[in-house]
Amino acid sequence: MTTDWKKIRDDFPVTKTHAYFLSAAMSPLPVSVFEALAGEYRKVMLDGDIHYEEDLRKCDALSSDLACLLGTKADNMAFVANTSTAMSLIALAFQDRVPKPFNVVSLEDEFPSSTLGFEHRGIEMRYVRPANARYSPESIIAAADGETLAVVASFVQYATGFRLDLEALGCLLNDRRILFIVNATQGFPYFPIDVEAMNIDALSCSFHKWGLAGHLGAMFYTSEAFRARFPAPSAGWLSVMGEGEDSIHTAKNVPFRLHPTAKQYMPGTYNLQPLLAFRVAVDYMKRIGFENIRRRLFELTDYLIAGLGRLGILIVSPIDRLEERSAIVAFSLGEGNGRCVEALAAKNIHVSLRIGLIRVSLNIFNDEGDIDRLLEAVKNFRSGRS
Ligand SMILES: Cc1ncc(COP(=O)(O)O)c(C=O)c1O
C-alpha cells in the first residue's frame, strides 16, 4: 500500500504558512488531534469530573499501547511531567539507596534534562566525548569502572541527531551489571525500542517532540527489578496502595505501601486531557505505520543531505550509516549560523540553533518543496542576498 503523503501534509495546517523544521523542539498537531483535545476539554466544560473514572481507564489503555510499542507491559509504565522529573527521581533514588562512592557515565552532548538531576544530587558524573559527533558503545563502556552504577544516554542526540546503538550498549552494560537509563525523547516512537531486548532498566520520553500532540508530559518506564531496588523516592495519594471504601490512604501516621507497579512514580493527578488526545495521535501514527514513517523520513533527510552536499555545506550529523541516522540533520556554515536561523525565520522557514549548529528536523508533514525553500534561502543567505 502506498501512502498519500500529500494527504498527510494536508492534515497539518502548519504547512500552509511555514516550512516547519522544528519538530525536535515541538511537533505541530494534525487537525484530528486538535479536535480530540478540544473534545476532551469540551467534556470538562460540559460535565466536569463526571468522566474521571472512564478517562483513567482510557489513559490505562494508552499506557498499554505505549508498553506494547516498547516491548513491555503496562505495569512498567508511568506518566510524569517531563524527562527532567524522571531523571531527578532516579537521581534521588540512587542517592537514597546506594552508598557513595559511585559514579554515573553520560555523554558530553546530552540535553541537560538527562544529567542535571544527577549533578544536583552531587553524584559524580563522567562525560564521554564524541568522535565526529558519534558515540560507539565501546567508547561509553571505556569511561566506566568498578564504581559505575549507571549509564545515562539519549537514544537520539538532540543537537546532531546521532542515533545510539541501544542494543549493543545494553548488552555490554548488562554483562558488567551497570544500569542502563535511556532518554528516548528524540527517537521514540518513530524509531523502535525494545526495552527488554536492549536491557534498559529505566527510560523516559517527553512527548512534545515527536508525539504530535503538544506539551503533554513524558512516559517513564522502569523494569520490575529496577523498582524493587529503587522504590520511588516520593509519594502521594495515587502512588500508594489505597484502603477503605474510597480506596484512598487517608490515615495519618499509619504505614502505607507504594504501588508495586510503575504507578508508584505517579503521586498525584495528572494531565488526562492532553494524554487522551495523545492517544488519538498514537493511533494516527500507527495507521501510517512506523516503518513507513521511517522510510519517508530517510527519503526526506536524503533529499536534504544531497542538497546541502551540492551547496558544499558541512553536515555535522553522522550520516554515513543509516542505523545512526534519525529525523534530525545538523549543519554549519562555519560562521553566521545564528544570523542564518533568524534570516530563515523571517521567511517563515523555521530551523533551530543548537550548540552553534543549524538543526533541521524533518517530519511526516514535510515535503521536498519545504526542503527546496530551505536550501534556496540558505544559499541566498550565504551569498549575502538574504
Ligand atoms: C533529548 C531531550 N530530552 C529532553 C528534552 C526536554 O526535557 P523535559 O521534558 O525535561 O523538558 C529535550 C528538549 O527539550 C531533549 O531534546
# chains A, B, ... in the order shown; residues from 1 in each chain; ligands from 1
call {"tool": "closest_atom_pairs", "arguments": {"of": "chain A", "to": "ligand 1", "cutoff": "7 Å", "atoms": "only C-alpha atoms and all ligand atoms", "output": "tab-separated table"}}
result
residue	atom	partner	partner_atom_place_in_ligand_line	distance
A:Ala24	CA	ligand 1	16 (O)	6.7
A:Ala25	CA	ligand 1	14 (O)	6.1
A:Asn82	CA	ligand 1	9 (O)	3.7
A:Thr83	CA	ligand 1	10 (O)	3.9
A:Ser84	CA	ligand 1	10 (O)	3.6
A:Thr85	CA	ligand 1	10 (O)	6.5
A:Glu110	CA	ligand 1	1 (C)	6.8
A:Phe111	CA	ligand 1	1 (C)	5.1
A:Ser113	CA	ligand 1	10 (O)	4.8
A:Ser114	CA	ligand 1	3 (N)	6.5
A:Ser154	CA	ligand 1	1 (C)	6.0
A:Val156	CA	ligand 1	1 (C)	6.9
A:Gln157	CA	ligand 1	1 (C)	6.1
A:Tyr158	CA	ligand 1	16 (O)	4.4
A:Asn183	CA	ligand 1	3 (N)	6.2
A:Ala184	CA	ligand 1	1 (C)	6.9
A:Thr185	CA	ligand 1	3 (N)	5.0
A:Gln186	CA	ligand 1	1 (C)	5.4
A:Ser206	CA	ligand 1	9 (O)	4.7
A:Gly217	CA	ligand 1	9 (O)	6.8
A:Ala218	CA	ligand 1	9 (O)	6.5
call {"tool": "write_last_selection", "arguments": {"atoms": "C-alpha atoms", "output": "mmCIF file, in the first residue's frame"}}
result
data_model
loop_
_atom_site.group_PDB
_atom_site.id
_atom_site.type_symbol
_atom_site.label_atom_id
_atom_site.label_comp_id
_atom_site.auth_asym_id
_atom_site.auth_seq_id
_atom_site.Cartn_x
_atom_site.Cartn_y
_atom_site.Cartn_z
ATOM 1 C CA ALA A 24 12.763 18.283 17.531
ATOM 2 C CA ALA A 25 11.612 21.298 19.593
ATOM 3 C CA ASN A 82 8.770 15.660 31.884
ATOM 4 C CA THR A 83 12.114 13.922 31.427
ATOM 5 C CA SER A 84 13.801 16.277 33.898
ATOM 6 C CA THR A 85 11.434 14.947 36.573
ATOM 7 C CA GLU A 110 23.379 15.216 26.264
ATOM 8 C CA PHE A 111 20.436 17.543 26.627
ATOM 9 C CA SER A 113 17.339 17.038 31.240
ATOM 10 C CA SER A 114 19.338 13.796 31.205
ATOM 11 C CA SER A 154 19.903 9.613 24.840
ATOM 12 C CA VAL A 156 18.987 10.201 19.627
ATOM 13 C CA GLN A 157 21.192 13.219 20.347
ATOM 14 C CA TYR A 158 19.090 16.392 20.321
ATOM 15 C CA ASN A 183 16.299 9.302 27.353
ATOM 16 C CA ALA A 184 14.242 8.381 24.276
ATOM 17 C CA THR A 185 12.743 11.845 23.719
ATOM 18 C CA GLN A 186 14.257 12.484 20.275
ATOM 19 C CA SER A 206 8.960 13.537 26.600
ATOM 20 C CA GLY A 217 4.374 15.216 29.614
ATOM 21 C CA ALA A 218 6.590 12.177 29.443
#
call {"tool": "residues_around", "arguments": {"residues": "Asp367 of chain A", "least_positions_apart": "3", "cutoff": "9 Å", "atoms": "only C-alpha atoms", "output": "VMD selection string"}}
result
chain A and resid 5 to 6 9 300 362 to 364 370 to 372
call {"tool": "residues_around", "arguments": {"residues": "Ser139 of chain A", "least_positions_apart": "5", "cutoff": "10 Å", "atoms": "only C-alpha atoms", "output": "ChimeraX atom specification"}}
result
/A:128-131,134,144,169
call {"tool": "residues_around", "arguments": {"residues": "Gly307 of chain A", "least_positions_apart": "2", "cutoff": "10 Å", "atoms": "only C-alpha atoms", "output": "VMD selection string"}}
result
chain A and resid 301 to 305 309 to 313 371 to 372 374 to 376
call {"tool": "select_by_dssp", "arguments": {"residues": "segment 87-214 of chain A", "states": "strand (DSSP E or B)", "output": "ChimeraX atom specification"}}
result
/A:103-107,124-128,131,134,148-154,156,163,179-183,202-206
call {"tool": "closest_atom_pairs", "arguments": {"of": "segment 14-99 of chain A", "to": "segment 324-332 of chain A", "cutoff": "10 Å", "atoms": "only C-alpha atoms", "output": "JSON lines"}}
result
{"residue": "A:Phe21", "atom": "CA", "partner": "A:Ile328", "partner_atom": "CA", "distance": 9.1}
{"residue": "A:Leu22", "atom": "CA", "partner": "A:Ile328", "partner_atom": "CA", "distance": 9.6}
{"residue": "A:Ser23", "atom": "CA", "partner": "A:Ala327", "partner_atom": "CA", "distance": 9.0}
{"residue": "A:Ala24", "atom": "CA", "partner": "A:Ile328", "partner_atom": "CA", "distance": 7.4}
